[in-house]
file final06.pdb (PDB, C-alpha atoms)
ATOM      1  CA  MET A   1     -13.431  -8.783  23.560
ATOM      2  CA  SER A   2     -16.848 -10.316  23.119
ATOM      3  CA  GLY A   3     -19.813 -10.554  20.792
ATOM      4  CA  ASN A   4     -18.779  -9.742  17.236
ATOM      5  CA  GLN A   5     -15.052 -10.188  17.758
ATOM      6  CA  PRO A   6     -14.609 -12.914  20.339
ATOM      7  CA  HIS A   7     -11.114 -13.323  21.710
ATOM      8  CA  ILE A   8      -9.892 -16.692  20.496
ATOM      9  CA  ALA A   9      -7.052 -18.063  22.583
ATOM     10  CA  PRO A  10      -4.364 -20.158  20.873
ATOM     11  CA  ILE A  11      -4.494 -23.932  21.432
ATOM     12  CA  LYS A  12      -0.979 -23.749  22.910
ATOM     13  CA  LEU A  13      -2.320 -21.603  25.743
ATOM     14  CA  TYR A  14      -5.022 -24.147  26.570
ATOM     15  CA  LEU A  15      -2.461 -26.967  26.535
ATOM     16  CA  GLY A  16      -0.262 -24.874  28.840
ATOM     17  CA  VAL A  17      -3.160 -24.398  31.246
ATOM     18  CA  PHE A  18      -3.842 -28.133  31.132
ATOM     19  CA  ALA A  19      -0.180 -28.920  31.900
ATOM     20  CA  THR A  20      -0.213 -26.420  34.792
ATOM     21  CA  LEU A  21      -3.311 -28.050  36.284
ATOM     22  CA  ILE A  22      -1.832 -31.549  36.010
ATOM     23  CA  ALA A  23       1.426 -30.343  37.579
ATOM     24  CA  GLY A  24      -0.611 -28.722  40.368
ATOM     25  CA  THR A  25      -2.370 -32.024  41.011
ATOM     26  CA  TRP A  26       0.938 -33.843  41.406
ATOM     27  CA  LEU A  27       2.313 -31.042  43.567
ATOM     28  CA  THR A  28      -0.687 -31.177  45.901
ATOM     29  CA  TYR A  29      -0.223 -34.953  46.231
ATOM     30  CA  TRP A  30       3.491 -34.533  46.974
ATOM     31  CA  VAL A  31       2.774 -31.841  49.570
ATOM     32  CA  ALA A  32       0.275 -34.170  51.285
ATOM     33  CA  LEU A  33       3.020 -36.792  51.760
ATOM     34  CA  GLN A  34       5.394 -34.322  53.457
ATOM     35  CA  ASP A  35       5.074 -33.260  57.058
ATOM     36  CA  PHE A  36       4.824 -29.471  57.060
ATOM     37  CA  GLY A  37       2.991 -29.433  60.391
ATOM     38  CA  TRP A  38       0.069 -27.021  60.456
ATOM     39  CA  LEU A  39       1.148 -25.693  57.056
ATOM     40  CA  ASN A  40      -0.052 -28.821  55.203
ATOM     41  CA  THR A  41      -3.629 -27.625  54.800
ATOM     42  CA  PRO A  42      -2.803 -23.971  53.930
ATOM     43  CA  LEU A  43      -0.357 -25.238  51.263
ATOM     44  CA  ALA A  44      -2.964 -27.621  49.813
ATOM     45  CA  LEU A  45      -5.486 -24.768  49.716
ATOM     46  CA  LEU A  46      -2.962 -22.388  48.161
ATOM     47  CA  ILE A  47      -2.319 -24.830  45.305
ATOM     48  CA  ALA A  48      -6.071 -25.363  44.844
ATOM     49  CA  VAL A  49      -6.680 -21.586  44.742
ATOM     50  CA  VAL A  50      -3.952 -21.132  42.127
ATOM     51  CA  LYS A  51      -5.444 -23.969  40.021
ATOM     52  CA  ALA A  52      -8.950 -22.519  40.335
ATOM     53  CA  THR A  53      -7.689 -19.044  39.376
ATOM     54  CA  VAL A  54      -6.041 -20.421  36.245
ATOM     55  CA  VAL A  55      -9.298 -22.181  35.279
ATOM     56  CA  VAL A  56     -11.352 -19.009  35.852
ATOM     57  CA  LEU A  57      -8.964 -16.720  33.945
ATOM     58  CA  TYR A  58      -8.227 -18.890  30.904
ATOM     59  CA  PHE A  59     -10.685 -21.795  30.524
ATOM     60  CA  MET A  60     -13.569 -19.524  31.595
ATOM     61  CA  HIS A  61     -12.210 -16.590  29.552
ATOM     62  CA  VAL A  62     -12.592 -14.079  32.389
ATOM     63  CA  ARG A  63      -9.180 -12.616  31.492
ATOM     64  CA  TRP A  64     -10.651 -11.344  28.196
ATOM     65  CA  GLN A  65     -14.129 -10.379  29.413
ATOM     66  CA  SER A  66     -15.557  -6.999  30.388
ATOM     67  CA  LYS A  67     -14.769  -5.401  33.761
ATOM     68  CA  MET A  68     -18.368  -6.085  34.791
ATOM     69  CA  THR A  69     -17.930  -9.830  34.231
ATOM     70  CA  MET A  70     -14.726  -9.744  36.292
ATOM     71  CA  VAL A  71     -16.621  -8.095  39.144
ATOM     72  CA  PHE A  72     -19.366 -10.749  38.926
ATOM     73  CA  ALA A  73     -16.815 -13.563  38.964
ATOM     74  CA  ALA A  74     -14.930 -12.055  41.908
ATOM     75  CA  ALA A  75     -18.144 -11.337  43.846
ATOM     76  CA  GLY A  76     -18.962 -15.029  44.274
ATOM     77  CA  PHE A  77     -15.624 -15.747  45.894
ATOM     78  CA  VAL A  78     -15.694 -12.623  48.051
ATOM     79  CA  TRP A  79     -19.101 -13.616  49.444
ATOM     80  CA  LEU A  80     -17.781 -17.114  50.017
ATOM     81  CA  LEU A  81     -15.029 -15.645  52.214
ATOM     82  CA  ILE A  82     -17.653 -13.636  54.124
ATOM     83  CA  LEU A  83     -19.666 -16.838  54.649
ATOM     84  CA  PHE A  84     -16.581 -18.591  56.061
ATOM     85  CA  ALA A  85     -15.458 -15.636  58.164
ATOM     86  CA  PHE A  86     -18.805 -15.200  59.893
ATOM     87  CA  THR A  87     -19.425 -18.928  60.375
ATOM     88  CA  LEU A  88     -16.004 -19.530  61.856
ATOM     89  CA  GLN A  89     -15.962 -16.459  64.109
ATOM     90  CA  ASP A  90     -19.093 -17.969  65.645
ATOM     91  CA  TYR A  91     -17.956 -21.590  66.025
ATOM     92  CA  PHE A  92     -14.368 -20.849  67.035
ATOM     93  CA  THR A  93     -15.283 -18.373  69.770
ATOM     94  CA  ARG A  94     -18.105 -20.325  71.448
ATOM     95  CA  SER A  95     -15.790 -21.831  74.047
ATOM     96  CA  TRP A  96     -14.501 -18.401  75.077
ATOM     97  CA  LEU A  97     -17.602 -17.687  77.167
ATOM     98  CA  PRO A  98     -19.065 -20.050  79.783
ATOM     99  CA  ILE A  99     -22.381 -20.326  77.919
ATOM    100  CA  TYR A 100     -23.643 -23.726  76.807
ATOM    101  CA  GLY A 101     -24.995 -24.366  73.315
TER     102      GLY A 101
ATOM    103  CA  MET B 102     -37.834 -18.744  17.350
ATOM    104  CA  SER B 103     -39.337 -15.946  15.307
ATOM    105  CA  SER B 104     -37.942 -13.278  17.651
ATOM    106  CA  VAL B 105     -34.362 -14.178  16.682
ATOM    107  CA  ASP B 106     -32.923 -12.883  13.404
ATOM    108  CA  ALA B 107     -30.576 -14.677  10.997
ATOM    109  CA  THR B 108     -27.418 -13.719  12.916
ATOM    110  CA  GLY B 109     -28.872 -15.143  16.144
ATOM    111  CA  LEU B 110     -29.696 -11.721  17.627
ATOM    112  CA  ALA B 111     -32.817 -11.726  19.803
ATOM    113  CA  HIS B 112     -35.133  -8.726  19.347
ATOM    114  CA  HIS B 113     -34.712  -7.357  22.891
ATOM    115  CA  PHE B 114     -30.946  -6.738  22.509
ATOM    116  CA  GLU B 115     -29.212  -3.824  20.805
ATOM    117  CA  ASP B 116     -26.524  -5.936  19.176
ATOM    118  CA  LEU B 117     -24.750  -9.286  19.450
ATOM    119  CA  GLU B 118     -22.131  -7.861  21.787
ATOM    120  CA  GLN B 119     -24.738  -6.731  24.292
ATOM    121  CA  GLN B 120     -26.514 -10.066  23.955
ATOM    122  CA  HIS B 121     -23.285 -11.949  24.649
ATOM    123  CA  GLU B 122     -22.496  -9.728  27.635
ATOM    124  CA  SER B 123     -25.950 -10.388  29.098
ATOM    125  CA  ALA B 124     -25.575 -14.139  28.687
ATOM    126  CA  THR B 125     -22.149 -14.070  30.341
ATOM    127  CA  LEU B 126     -23.309 -11.962  33.297
ATOM    128  CA  GLY B 127     -26.427 -14.097  33.745
ATOM    129  CA  MET B 128     -24.366 -17.272  33.738
ATOM    130  CA  TRP B 129     -21.942 -15.852  36.293
ATOM    131  CA  ALA B 130     -24.868 -14.778  38.490
ATOM    132  CA  PHE B 131     -26.034 -18.395  38.398
ATOM    133  CA  LEU B 132     -22.517 -19.637  39.155
ATOM    134  CA  ILE B 133     -22.415 -17.318  42.199
ATOM    135  CA  THR B 134     -25.462 -19.152  43.586
ATOM    136  CA  GLU B 135     -23.629 -22.399  42.884
ATOM    137  CA  ILE B 136     -20.527 -21.120  44.693
ATOM    138  CA  MET B 137     -22.696 -20.275  47.715
ATOM    139  CA  PHE B 138     -24.425 -23.681  47.547
ATOM    140  CA  PHE B 139     -21.173 -25.625  47.613
ATOM    141  CA  GLY B 140     -19.777 -22.988  49.996
ATOM    142  CA  GLY B 141     -22.300 -24.067  52.643
ATOM    143  CA  LEU B 142     -21.071 -27.658  52.345
ATOM    144  CA  PHE B 143     -17.434 -26.572  52.518
ATOM    145  CA  GLY B 144     -18.334 -24.460  55.564
ATOM    146  CA  ALA B 145     -19.829 -27.500  57.326
ATOM    147  CA  TYR B 146     -16.691 -29.424  56.379
ATOM    148  CA  VAL B 147     -14.392 -26.802  57.949
ATOM    149  CA  VAL B 148     -16.406 -26.575  61.178
ATOM    150  CA  TYR B 149     -16.580 -30.339  61.782
ATOM    151  CA  ARG B 150     -13.021 -30.954  60.667
ATOM    152  CA  THR B 151     -11.871 -28.401  63.254
ATOM    153  CA  MET B 152     -13.991 -30.114  65.919
ATOM    154  CA  TYR B 153     -12.969 -33.691  65.073
ATOM    155  CA  PRO B 154      -9.569 -33.535  63.334
ATOM    156  CA  GLU B 155      -8.700 -37.162  64.167
ATOM    157  CA  ALA B 156     -11.936 -38.554  62.782
ATOM    158  CA  TRP B 157     -11.319 -36.545  59.601
ATOM    159  CA  GLU B 158      -7.843 -38.046  59.158
ATOM    160  CA  ASN B 159      -9.142 -41.551  59.887
ATOM    161  CA  GLY B 160     -11.964 -41.157  57.394
ATOM    162  CA  SER B 161      -9.712 -39.626  54.750
ATOM    163  CA  LYS B 162      -7.312 -42.579  54.926
ATOM    164  CA  GLU B 163     -10.173 -44.896  53.908
ATOM    165  CA  LEU B 164     -10.481 -43.091  50.570
ATOM    166  CA  ASP B 165      -8.557 -44.353  47.556
ATOM    167  CA  VAL B 166      -5.981 -41.659  46.690
ATOM    168  CA  PHE B 167      -5.083 -43.318  43.391
ATOM    169  CA  LEU B 168      -8.677 -43.249  42.133
ATOM    170  CA  GLY B 169      -9.129 -39.693  43.437
ATOM    171  CA  ALA B 170      -6.008 -38.497  41.595
ATOM    172  CA  LEU B 171      -7.048 -40.403  38.480
ATOM    173  CA  ASN B 172     -10.435 -38.695  38.513
ATOM    174  CA  THR B 173      -8.797 -35.288  39.051
ATOM    175  CA  THR B 174      -6.738 -35.896  35.913
ATOM    176  CA  VAL B 175      -9.777 -37.093  33.947
ATOM    177  CA  LEU B 176     -11.783 -34.031  34.963
ATOM    178  CA  ILE B 177      -8.969 -31.593  34.104
ATOM    179  CA  GLY B 178      -8.743 -33.353  30.737
ATOM    180  CA  SER B 179     -12.471 -32.878  30.214
ATOM    181  CA  SER B 180     -12.093 -29.174  30.986
ATOM    182  CA  LEU B 181      -9.437 -28.982  28.265
ATOM    183  CA  THR B 182     -11.690 -30.689  25.685
ATOM    184  CA  MET B 183     -14.574 -28.417  26.740
ATOM    185  CA  ALA B 184     -12.396 -25.320  26.254
ATOM    186  CA  LEU B 185     -11.428 -26.662  22.806
ATOM    187  CA  ALA B 186     -15.105 -27.276  21.970
ATOM    188  CA  VAL B 187     -15.865 -23.620  22.751
ATOM    189  CA  ARG B 188     -12.827 -22.565  20.711
ATOM    190  CA  SER B 189     -14.106 -24.588  17.744
ATOM    191  CA  ALA B 190     -17.492 -22.871  18.096
ATOM    192  CA  GLN B 191     -15.713 -19.486  18.033
ATOM    193  CA  HIS B 192     -14.396 -20.522  14.610
ATOM    194  CA  GLY B 193     -17.820 -21.790  13.586
ATOM    195  CA  LYS B 194     -16.448 -25.305  13.088
ATOM    196  CA  ASN B 195     -19.490 -27.296  14.141
ATOM    197  CA  ARG B 196     -18.038 -30.738  13.348
ATOM    198  CA  GLN B 197     -15.123 -30.056  15.700
ATOM    199  CA  VAL B 198     -17.583 -28.870  18.335
ATOM    200  CA  ILE B 199     -19.323 -32.253  18.130
ATOM    201  CA  GLY B 200     -16.015 -34.125  18.453
ATOM    202  CA  PHE B 201     -14.699 -32.194  21.446
ATOM    203  CA  THR B 202     -18.068 -32.128  23.191
ATOM    204  CA  PHE B 203     -18.440 -35.878  22.740
ATOM    205  CA  LEU B 204     -14.945 -36.364  24.180
ATOM    206  CA  THR B 205     -15.865 -34.156  27.146
ATOM    207  CA  MET B 206     -18.969 -36.264  27.744
ATOM    208  CA  VAL B 207     -16.972 -39.513  27.548
ATOM    209  CA  LEU B 208     -14.437 -38.205  30.094
ATOM    210  CA  GLY B 209     -17.367 -37.158  32.298
ATOM    211  CA  PHE B 210     -18.718 -40.701  32.188
ATOM    212  CA  VAL B 211     -15.261 -42.122  32.978
ATOM    213  CA  PHE B 212     -15.229 -39.913  36.075
ATOM    214  CA  LEU B 213     -18.691 -41.111  37.106
ATOM    215  CA  GLY B 214     -17.690 -44.744  36.450
ATOM    216  CA  VAL B 215     -14.673 -44.418  38.766
ATOM    217  CA  LYS B 216     -16.976 -42.791  41.325
ATOM    218  CA  ILE B 217     -19.289 -45.812  41.175
ATOM    219  CA  VAL B 218     -16.312 -48.127  41.824
ATOM    220  CA  GLU B 219     -15.352 -45.994  44.842
ATOM    221  CA  TYR B 220     -18.901 -45.836  46.216
ATOM    222  CA  HIS B 221     -19.223 -49.606  45.824
ATOM    223  CA  ALA B 222     -16.038 -50.157  47.848
ATOM    224  CA  LYS B 223     -17.443 -47.922  50.605
ATOM    225  CA  TRP B 224     -20.639 -49.976  50.561
ATOM    226  CA  GLU B 225     -18.659 -53.197  50.987
ATOM    227  CA  HIS B 226     -16.603 -51.701  53.827
ATOM    228  CA  HIS B 227     -19.738 -50.556  55.704
ATOM    229  CA  LEU B 228     -18.739 -46.912  55.289
ATOM    230  CA  ILE B 229     -22.149 -45.654  54.115
ATOM    231  CA  PRO B 230     -23.591 -43.552  56.969
ATOM    232  CA  GLY B 231     -26.660 -45.161  58.487
ATOM    233  CA  PRO B 232     -27.622 -48.210  60.574
ATOM    234  CA  HIS B 233     -24.928 -50.426  58.997
ATOM    235  CA  PHE B 234     -22.045 -47.983  59.351
ATOM    236  CA  MET B 235     -18.978 -49.596  60.933
ATOM    237  CA  PHE B 236     -15.576 -48.001  61.402
ATOM    238  CA  GLU B 237     -12.778 -50.331  62.522
ATOM    239  CA  GLY B 238     -15.126 -52.370  64.618
ATOM    240  CA  HIS B 239     -16.966 -49.561  66.342
ATOM    241  CA  LEU B 240     -20.360 -48.140  65.520
ATOM    242  CA  GLY B 241     -20.898 -44.613  64.305
ATOM    243  CA  GLY B 242     -18.552 -42.062  65.810
ATOM    244  CA  HIS B 243     -17.400 -38.882  64.185
ATOM    245  CA  GLU B 244     -15.976 -40.793  61.236
ATOM    246  CA  GLU B 245     -19.592 -41.292  60.217
ATOM    247  CA  LEU B 246     -19.927 -37.513  60.004
ATOM    248  CA  PHE B 247     -16.904 -37.379  57.700
ATOM    249  CA  PHE B 248     -18.474 -39.959  55.407
ATOM    250  CA  ALA B 249     -21.840 -38.191  55.480
ATOM    251  CA  LEU B 250     -20.111 -35.054  54.188
ATOM    252  CA  TYR B 251     -18.016 -37.103  51.749
ATOM    253  CA  PHE B 252     -21.123 -38.593  50.158
ATOM    254  CA  VAL B 253     -23.129 -35.346  50.111
ATOM    255  CA  MET B 254     -20.252 -33.312  48.643
ATOM    256  CA  THR B 255     -19.085 -35.828  46.049
ATOM    257  CA  GLY B 256     -22.705 -36.848  45.379
ATOM    258  CA  THR B 257     -23.910 -33.319  44.573
ATOM    259  CA  HIS B 258     -20.751 -32.839  42.530
ATOM    260  CA  ALA B 259     -21.495 -36.026  40.568
ATOM    261  CA  PHE B 260     -25.105 -34.909  40.136
ATOM    262  CA  HIS B 261     -23.843 -31.668  38.583
ATOM    263  CA  MET B 262     -21.761 -33.748  36.180
ATOM    264  CA  ILE B 263     -24.782 -35.815  35.149
ATOM    265  CA  ILE B 264     -26.629 -32.567  34.372
ATOM    266  CA  GLY B 265     -23.522 -31.407  32.484
ATOM    267  CA  ALA B 266     -23.535 -34.582  30.380
ATOM    268  CA  GLY B 267     -27.177 -33.851  29.492
ATOM    269  CA  LEU B 268     -26.188 -30.324  28.424
ATOM    270  CA  MET B 269     -23.460 -31.851  26.203
ATOM    271  CA  ILE B 270     -26.137 -33.758  24.281
ATOM    272  CA  TRP B 271     -27.906 -30.429  23.722
ATOM    273  CA  VAL B 272     -24.662 -28.895  22.413
ATOM    274  CA  ILE B 273     -24.100 -31.838  20.052
ATOM    275  CA  LEU B 274     -27.654 -31.553  18.691
ATOM    276  CA  LYS B 275     -27.217 -27.823  18.058
ATOM    277  CA  ALA B 276     -23.802 -28.316  16.437
ATOM    278  CA  ALA B 277     -25.255 -31.079  14.241
ATOM    279  CA  ARG B 278     -27.670 -28.423  12.916
ATOM    280  CA  ASN B 279     -24.698 -26.050  12.285
ATOM    281  CA  GLU B 280     -26.135 -23.513  14.704
ATOM    282  CA  TYR B 281     -22.826 -22.175  16.040
ATOM    283  CA  THR B 282     -21.229 -19.322  14.104
ATOM    284  CA  PRO B 283     -18.225 -17.083  14.901
ATOM    285  CA  GLN B 284     -20.765 -14.362  15.797
ATOM    286  CA  HIS B 285     -23.170 -16.482  17.789
ATOM    287  CA  HIS B 286     -22.080 -19.305  20.071
ATOM    288  CA  SER B 287     -22.985 -18.100  23.571
ATOM    289  CA  HIS B 288     -24.911 -21.330  24.128
ATOM    290  CA  VAL B 289     -21.877 -23.629  24.114
ATOM    291  CA  GLU B 290     -19.776 -20.973  25.866
ATOM    292  CA  MET B 291     -22.182 -20.793  28.843
ATOM    293  CA  ILE B 292     -22.322 -24.581  29.141
ATOM    294  CA  GLY B 293     -18.519 -24.475  29.101
ATOM    295  CA  LEU B 294     -18.568 -22.056  32.053
ATOM    296  CA  TYR B 295     -20.795 -24.495  33.947
ATOM    297  CA  TRP B 296     -18.494 -27.451  33.211
ATOM    298  CA  HIS B 297     -15.362 -25.562  34.284
ATOM    299  CA  PHE B 298     -17.105 -24.545  37.503
ATOM    300  CA  VAL B 299     -17.793 -28.215  38.289
ATOM    301  CA  ASP B 300     -14.082 -28.855  37.647
ATOM    302  CA  ILE B 301     -13.142 -26.118  40.142
ATOM    303  CA  VAL B 302     -15.329 -27.716  42.844
ATOM    304  CA  TRP B 303     -13.421 -30.972  42.402
ATOM    305  CA  ILE B 304     -10.058 -29.152  42.503
ATOM    306  CA  PHE B 305     -10.960 -28.305  46.123
ATOM    307  CA  LEU B 306     -12.691 -31.589  46.981
ATOM    308  CA  PHE B 307      -9.698 -33.748  46.025
ATOM    309  CA  PRO B 308      -7.129 -32.391  48.518
ATOM    310  CA  LEU B 309      -9.716 -31.707  51.240
ATOM    311  CA  LEU B 310     -11.262 -35.198  51.203
ATOM    312  CA  TYR B 311      -8.542 -37.566  49.962
ATOM    313  CA  LEU B 312      -5.247 -36.156  51.198
ATOM    314  CA  LEU B 313      -5.609 -35.626  54.952
ATOM    315  CA  GLY B 314      -3.030 -37.057  57.313
ATOM    316  CA  ARG B 315      -1.117 -38.820  54.549
ATOM    317  CA  HIS B 316       2.356 -37.713  55.626
ATOM    318  CA  GLY B 317       4.317 -40.516  57.237
ATOM    319  CA  HIS B 318       1.968 -43.057  55.643
ATOM    320  CA  ALA B 319       3.196 -43.112  52.076
ATOM    321  CA  SER B 320       0.925 -46.004  51.055
ATOM    322  CA  ILE B 321      -1.565 -45.321  48.289
ATOM    323  CA  GLY B 322      -5.085 -46.478  49.059
ATOM    324  CA  HIS B 323      -5.532 -50.035  50.318
TER     325      HIS B 323
END
call {"tool": "encode", "arguments": {"input": "final06.pdb", "output": "structure tokens"}}
result
Amino acid sequence: MSGNQPHIAPIKLYLGVFATLIAGTWLTYWVALQDFGWLNTPLALLIAVVKATVVVLYFMHVRWQSKMTMVFAAAGFVWLLILFAFTLQDYFTRSWLPIYG
Amino acid sequence: MSSVDATGLAHHFEDLEQQHESATLGMWAFLITEIMFFGGLFGAYVVYRTMYPEAWENGSKELDVFLGALNTTVLIGSSLTMALAVRSAQHGKNRQVIGFTFLTMVLGFVFLGVKIVEYHAKWEHHLIPGPHFMFEGHLGGHEELFFALYFVMTGTHAFHMIIGAGLMIWVILKAARNEYTPQHHSHVEMIGLYWHFVDIVWIFLFPLLYLLGRHGHASIGH
């Protein structure tokens, strides 16, 4: 797992991850050229999230780390979602009430 | 470094496993602060894009999709070579570590070189926010806000890469002294985590900055 016996991933796996990321890049470009209406941005974000997850799990070895490391890695993204949720619930609801500023 | 024994174990840790776990957790704690730092910029992006969607599409179309995609590919490639550098360190093959780390650094510089070309084009087209900003004949406007965020986001990203390139030199120096062993290579592993994180930031920047409002306008760049 770590320390004395580090998990060493086969080169093939790393090449597979690389190929997946390149394919994802082309896919995101192709999606941008299509007209999916309001779905364009969610699709682009979905592809980016999948790519980022692959990087975190394999290139950053989180898949083979301790549970504690997994919690640390997940915590950053969870707090990011909280940051977005609270910021947007403020900005997107300001026009609901007749208060300026 | 008298407090570190021959296997690389520092005196305040029980064993190498605990030492490695501490390094990994500490690095992830740092990366969380980095996620929040870039998160603030992405938050500003979302708010202003929602307020001025047209300006965002107009600004995005001024960016060169070909160069953006090229840089995405270069950066993903550098993540691969970085992962292979860490893998070589896990085997204790210091010469391979030097090779892969050097390759990672070269790809990093290619990315920064392309970025300079892009920034220069923006300079020539009066797209740098400030007193000389011009967008299709008119002054300022919300497109200027898009470009302000474009330069801050890609600029801080590029700055992280410059720091990363400096860390690569450190890795190469350590590998040249055969310091990485199968038991002890946290150093290069943590720098790898940093480099992959910078890659992840770009994975989001590319579609969010370069690919808005492209449908129906299948031209690449200008």
call {"tool": "resolve_selection", "arguments": {"input": "final06.pdb", "expression": "the PyMOL selection byres ((chain A) within 8 of (chain B))", "output": "PyMOL selection string"}}
result
chain A and resi 2-6+8-9+11+14-15+18+21-22+25+28-29+32-35+44-45+48+51-52+55-56+59-60+66+68-69+72-73+75-77+79-80+83-84+87-88+91
call {"tool": "atom_distance", "arguments": {"input": "final06.pdb", "atom1": "atom CA of A:Leu43", "atom2": "atom CA of B:Glu158"}}
result
16.8 Å
call {"tool": "atom_distance", "arguments": {"input": "final06.pdb", "atom1": "atom CA of B:Asn279", "atom2": "atom CA of B:Ile292"}}
result
17.1 Å
call {"tool": "atom_distance", "arguments": {"input": "final06.pdb", "atom1": "atom CA of B:Ala190", "atom2": "atom CA of B:Tyr281"}}
result
5.8 Å
call {"tool": "closest_residue", "arguments": {"input": "final06.pdb", "among": "A:Pro42, A:Gly24, A:Leu97, A:His7", "to": "A:Gln65", "atoms": "all atoms listed in the file"}}
result
A:His7
call {"tool": "resolve_selection", "arguments": {"input": "final06.pdb", "expression": "the PyMOL selection byres ((chain B and resi 271-274) around 8)", "output": "list in words"}}
result
Val198, Ile199, Thr202, Phe203, Gly267, Leu268, Met269, Ile270, Lys275, Ala276, Ala277, Arg278, His288 and Val289 of chain B
call {"tool": "residues_around", "arguments": {"input": "final06.pdb", "residues": "B:Tyr153", "least_positions_apart": "3", "cutoff": "12 Å", "atoms": "only C-alpha atoms", "output": "PyMOL selection string"}}
result
chain B and resi 146-150+156-160+242-247
call {"tool": "write_last_selection", "arguments": {"input": "final06.pdb", "atoms": "C-alpha atoms", "output": "PDB file, keeping the file's coordinate frame"}}
result
ATOM      1  CA  TYR B 146     -16.691 -29.424  56.379  1.00  0.00           C
ATOM      2  CA  VAL B 147     -14.392 -26.802  57.949  1.00  0.00           C
ATOM      3  CA  VAL B 148     -16.406 -26.575  61.178  1.00  0.00           C
ATOM      4  CA  TYR B 149     -16.580 -30.339  61.782  1.00  0.00           C
ATOM      5  CA  ARG B 150     -13.021 -30.954  60.667  1.00  0.00           C
ATOM      6  CA  ALA B 156     -11.936 -38.554  62.782  1.00  0.00           C
ATOM      7  CA  TRP B 157     -11.319 -36.545  59.601  1.00  0.00           C
ATOM      8  CA  GLU B 158      -7.843 -38.046  59.158  1.00  0.00           C
ATOM      9  CA  ASN B 159      -9.142 -41.551  59.887  1.00  0.00           C
ATOM     10  CA  GLY B 160     -11.964 -41.157  57.394  1.00  0.00           C
ATOM     11  CA  GLY B 242     -18.552 -42.062  65.810  1.00  0.00           C
ATOM     12  CA  HIS B 243     -17.400 -38.882  64.185  1.00  0.00           C
ATOM     13  CA  GLU B 244     -15.976 -40.793  61.236  1.00  0.00           C
ATOM     14  CA  GLU B 245     -19.592 -41.292  60.217  1.00  0.00           C
ATOM     15  CA  LEU B 246     -19.927 -37.513  60.004  1.00  0.00           C
ATOM     16  CA  PHE B 247     -16.904 -37.379  57.700  1.00  0.00           C
TER      17      PHE B 247
END
call {"tool": "closest_residue", "arguments": {"input": "final06.pdb", "among": "B:Met206, B:Met262, B:Leu310, B:His112", "to": "A:Thr41", "atoms": "all atoms listed in the file"}}
result
B:Leu310
